[in-house]
Amino acid sequence: MIIDNEVPSPKKSWLPRRIHKYSWVSLLVCWLIWILNAYDREVILRLGPTISKEFSLSPEQWGVLVTIVMTSLAILDIPGAVWSDRYGSGWKRARFQVPLVLIYNAISFISGIKMFSQNLISFVLLRVGVNLGAGWGEPVGVSNTAEWWPKENRGFALGVHHTGYPIGALLSGVVASLILTWFGEGNWRYCFLIPLILAIPLMWFWARYSTAQRIDTLYEYIEQQGLTKPAIHSSNQVKSGEGVKTFVRTLSNRNISLTAGNTLLTQIVYMGINVVLPPYLYHIAGMSLAASAGMSIIFTLTGTFGQIVWPWLSDLLGRKLTLIICGVWMSIGIALFYYATNMPRLVAIQLLFGLVSNAVWPIYYAMASDSAEESATSTANGIITTAMFIGGGSAPVLMGWLISLGGGWEIKTGYVYSFFAMAACALAGVLLQLMTTDKKVNAG
């Protein structure tokens, strides 16, 4: 007997067995897109001390700048996701995604040319333009991944997809360090020239690969293997005039709204450590600008591993329990930065924190995708993304204020305030997740 009129959950397995090559290819493409997105978003944080130095910014001013740039990620998520659902799911999603990715990467390229971004206002406006598109593109990319994989393996697929983020973050630190070393501090803008060059051939391939014939073949194969295809039809659409109603119903879903709140709080933690760590290493640990950019991404090394393991486990343990474990771990990990008084401890704490720092995002998206109406996957993911970016946008202001409260860039006290504030946010997210429910089915 099925409880609460829910559809029986598909059989769970440890390994993503019987997966068609089309699923793997789509995952590879969306993973590469996500690497470019993460790199472009994170590199500005790696360059924080350099940009603050060029434009003579205080901690609070730098916090406001980053908040403006990062908050712009949230503006178009929900309307863009609804529009994406109206256009169509499955193979049609890529047709929506390709021009979007190319446009925001082109704006990023322009921001890397000094004549267009030589003053602070023009630089900020260009980066806002980039993030308007990048934020819009995130739920579209997540939904695209989910719609090419069986429901049984959704957590695994989104986890592997999201390993692109710590990899992109890692590359942002490596590239920023190399460019500052090779070309000098004055040429930090070169970091923004790279994504468009890589995005053009990738988007050309994806536009040609994502076809109705391929996804119909994939869905037929999924059913033949006894697995559950992600949608009844390969190109579901939200009917005209139904977008607002679909959004309201989706937001009213308890799992989605509570998980969105958890996402917001967790993003304060993630963005906060990215804002705090580079200046901490530069001003408190005494590293060079290049070294602080490179050493601030050590946690991404274990972040990639955690982003495969935890979402994979969520297919078996359930989304709720997995998120609670990760939230408690994150809170402890961020609080431990209080003890990062030497380099060995700093490295060890970063690696420990990294095991969950990136793991939760694909689980949030999996929870939303599991709970959403079939034709509203992108809308649900858009709500999660918007909450995430609101949290990410508020974090720099909060961290800048706490650092200033503790005495400014050169005093450790403000950084300690920041670490404990982030730990509290992680625990608050756990409290929200305790009120969600996993789908449960009793046979009878």
# chains A, B, ... in the order shown; residues from 1 in each chain; ligands from 1
>>> residues_around(residues="A:Gly164", least_positions_apart="4", cutoff="10 Å", atoms="only C-alpha atoms", output="ChimeraX atom specification")
/A:28,30-39,159-160,168-170,304,307,358
>>> write_last_selection(atoms="C-alpha atoms", output="short mmCIF file (atom, residue, chain, number, x, y, z; two decimals), in the first residue's frame")
data_model
loop_
_atom_site.label_atom_id
_atom_site.label_comp_id
_atom_site.auth_asym_id
_atom_site.auth_seq_id
_atom_site.Cartn_x
_atom_site.Cartn_y
_atom_site.Cartn_z
CA LEU A 28 30.19 15.33 -19.29
CA CYS A 30 26.98 19.81 -18.30
CA TRP A 31 29.95 19.10 -16.00
CA LEU A 32 32.29 21.10 -18.26
CA ILE A 33 29.79 23.97 -18.42
CA TRP A 34 29.66 23.91 -14.62
CA ILE A 35 33.46 24.05 -14.35
CA LEU A 36 33.49 27.20 -16.49
CA ASN A 37 30.67 28.71 -14.43
CA ALA A 38 32.43 27.95 -11.14
CA TYR A 39 35.79 29.23 -12.35
CA GLY A 159 26.83 14.86 -7.44
CA VAL A 160 29.23 14.10 -10.30
CA GLY A 168 36.39 25.20 -11.22
CA ALA A 169 37.12 26.84 -7.87
CA LEU A 170 40.46 25.04 -7.70
CA THR A 304 35.50 17.02 -5.32
CA GLN A 307 30.63 15.85 -3.94
CA ASN A 358 30.65 21.26 -1.87
#
>>> residues_around(residues="A:Ser84", least_positions_apart="2", cutoff="10 Å", atoms="only C-alpha atoms", output="list in words")
Ile78, Pro79, Gly80, Ala81, Val82, Arg86, Tyr87, Gly88, Ser89, Lys92, Arg93, Ala94, Arg95, Phe96, Gln97, Trp136, Gly137, Pro139, Val140, Ser143, Gln237, Val238, Ala376, Thr377, Ser378 and Thr379 of chain A
>>> write_last_selection(atoms="C-alpha atoms", output="PDB file, in the first residue's frame")
ATOM      1  CA  ILE A  78      13.182  31.976 -10.951  1.00  0.00           C
ATOM      2  CA  PRO A  79      11.785  33.833 -14.012  1.00  0.00           C
ATOM      3  CA  GLY A  80      14.507  32.261 -16.144  1.00  0.00           C
ATOM      4  CA  ALA A  81      13.790  28.794 -14.792  1.00  0.00           C
ATOM      5  CA  VAL A  82      10.050  29.200 -15.414  1.00  0.00           C
ATOM      6  CA  ARG A  86       7.877  26.765 -20.722  1.00  0.00           C
ATOM      7  CA  TYR A  87      10.320  26.308 -23.568  1.00  0.00           C
ATOM      8  CA  GLY A  88      10.573  22.586 -22.848  1.00  0.00           C
ATOM      9  CA  SER A  89      12.493  19.965 -20.901  1.00  0.00           C
ATOM     10  CA  LYS A  92      14.907  21.185 -25.741  1.00  0.00           C
ATOM     11  CA  ARG A  93      16.626  22.396 -22.580  1.00  0.00           C
ATOM     12  CA  ALA A  94      20.008  22.561 -24.349  1.00  0.00           C
ATOM     13  CA  ARG A  95      18.578  24.816 -27.067  1.00  0.00           C
ATOM     14  CA  PHE A  96      17.716  27.232 -24.287  1.00  0.00           C
ATOM     15  CA  GLN A  97      21.031  26.753 -22.491  1.00  0.00           C
ATOM     16  CA  TRP A 136      19.972  32.112 -14.684  1.00  0.00           C
ATOM     17  CA  GLY A 137      21.925  29.281 -16.258  1.00  0.00           C
ATOM     18  CA  PRO A 139      19.003  25.752 -12.578  1.00  0.00           C
ATOM     19  CA  VAL A 140      18.812  25.197 -16.323  1.00  0.00           C
ATOM     20  CA  SER A 143      17.694  20.366 -14.735  1.00  0.00           C
ATOM     21  CA  GLN A 237       6.347  22.117 -21.385  1.00  0.00           C
ATOM     22  CA  VAL A 238       4.563  24.387 -18.922  1.00  0.00           C
ATOM     23  CA  ALA A 376       8.419  22.133 -12.963  1.00  0.00           C
ATOM     24  CA  THR A 377      11.880  20.686 -12.362  1.00  0.00           C
ATOM     25  CA  SER A 378      13.674  23.851 -13.446  1.00  0.00           C
ATOM     26  CA  THR A 379      11.256  26.028 -11.455  1.00  0.00           C
TER      27      THR A 379
END
>>> atom_distance(atom1="atom CA of A:Gly286", atom2="atom CA of A:Ser357")
25.1 Å
>>> residues_around(residues="A:Val69", least_positions_apart="3", cutoff="9 Å", atoms="only C-alpha atoms", output="PyMOL selection string")
chain A and resi 64-66+72-73+124-125+127-132+393
>>> write_last_selection(atoms="C-alpha atoms", output="mmCIF file, in the first residue's frame")
data_model
loop_
_atom_site.group_PDB
_atom_site.id
_atom_site.type_symbol
_atom_site.label_atom_id
_atom_site.label_comp_id
_atom_site.auth_asym_id
_atom_site.auth_seq_id
_atom_site.Cartn_x
_atom_site.Cartn_y
_atom_site.Cartn_z
ATOM 1 C CA VAL A 64 29.554 45.506 -0.521
ATOM 2 C CA LEU A 65 31.171 45.063 -3.957
ATOM 3 C CA VAL A 66 31.078 41.283 -3.745
ATOM 4 C CA SER A 72 22.900 39.552 -9.126
ATOM 5 C CA LEU A 73 23.167 35.778 -9.493
ATOM 6 C CA VAL A 124 31.150 46.008 -11.227
ATOM 7 C CA LEU A 125 28.501 46.553 -13.926
ATOM 8 C CA ARG A 127 30.483 41.442 -13.490
ATOM 9 C CA VAL A 128 26.822 41.981 -12.595
ATOM 10 C CA GLY A 129 25.988 41.311 -16.252
ATOM 11 C CA VAL A 130 27.982 38.085 -16.149
ATOM 12 C CA ASN A 131 26.247 36.854 -13.007
ATOM 13 C CA LEU A 132 22.762 37.721 -14.222
ATOM 14 C CA GLY A 393 25.060 37.825 -1.688
#
>>> atom_distance(atom1="atom CA of A:Trp182", atom2="atom CA of A:Ile113")
17.4 Å
>>> residues_around(residues="A:Ser331", least_positions_apart="3", cutoff="6 Å", atoms="only C-alpha atoms", output="VMD selection string")
chain A and resid 328 334 423 426
>>> closest_residue(among="A:Ala359, A:Leu289, A:Leu313, A:Leu352", to="A:Leu178", atoms="only C-alpha atoms")
A:Leu289
>>> residues_around(residues="A:Leu258", least_positions_apart="6", cutoff="9 Å", atoms="only C-alpha atoms", output="list in words")
Gly429, Leu432, Gln433, Met435 and Thr436 of chain A
>>> residues_around(residues="A:Gly414", least_positions_apart="5", cutoff="9 Å", atoms="only C-alpha atoms", output="ChimeraX atom specification")
/A:399-409,419
>>> closest_residue(among="A:Ala348, A:Val98, A:Ile390, A:Ala366", to="A:His162", atoms="only C-alpha atoms")
A:Ala366
>>> residues_around(residues="A:Trp62", least_positions_apart="3", cutoff="10 Å", atoms="only C-alpha atoms", output="tab-separated table (two decimals) with C-alpha atoms, in the first residue's frame")
chain	number	residue	atom	x	y	z
A	48	GLY	CA	40.01	39.81	-3.63
A	49	PRO	CA	43.22	41.23	-2.10
A	51	ILE	CA	41.24	44.05	-6.54
A	52	SER	CA	40.94	45.67	-3.09
A	55	PHE	CA	40.74	50.19	-6.04
A	56	SER	CA	41.77	51.00	-2.41
A	57	LEU	CA	38.81	49.17	-0.84
A	58	SER	CA	38.22	48.69	2.90
A	59	PRO	CA	36.85	45.35	4.18
A	65	LEU	CA	31.17	45.06	-3.96
A	66	VAL	CA	31.08	41.28	-3.74
A	67	THR	CA	27.51	41.39	-2.43
A	68	ILE	CA	26.36	43.45	-5.41
A	275	VAL	CA	35.54	35.85	1.10
A	396	PRO	CA	30.27	39.29	1.91
A	397	VAL	CA	28.54	42.20	3.67
A	399	MET	CA	31.89	39.04	6.70
A	400	GLY	CA	33.15	42.52	5.84
>>> atom_distance(atom1="atom CA of A:Glu138", atom2="atom CA of A:Ala387")
12.5 Å
>>> closest_residue(among="A:Ala424, A:Leu351, A:Leu434, A:Leu317", to="A:Leu265", atoms="only C-alpha atoms")
A:Ala424
>>> closest_residue(among="A:Arg189, A:Gly155, A:Asp370, A:Asn255", to="A:Phe116", atoms="only C-alpha atoms")
A:Arg189
>>> closest_residue(among="A:Leu398, A:Ala199, A:Val174, A:Ala134", to="A:Ala74", atoms="only C-alpha atoms")
A:Ala134
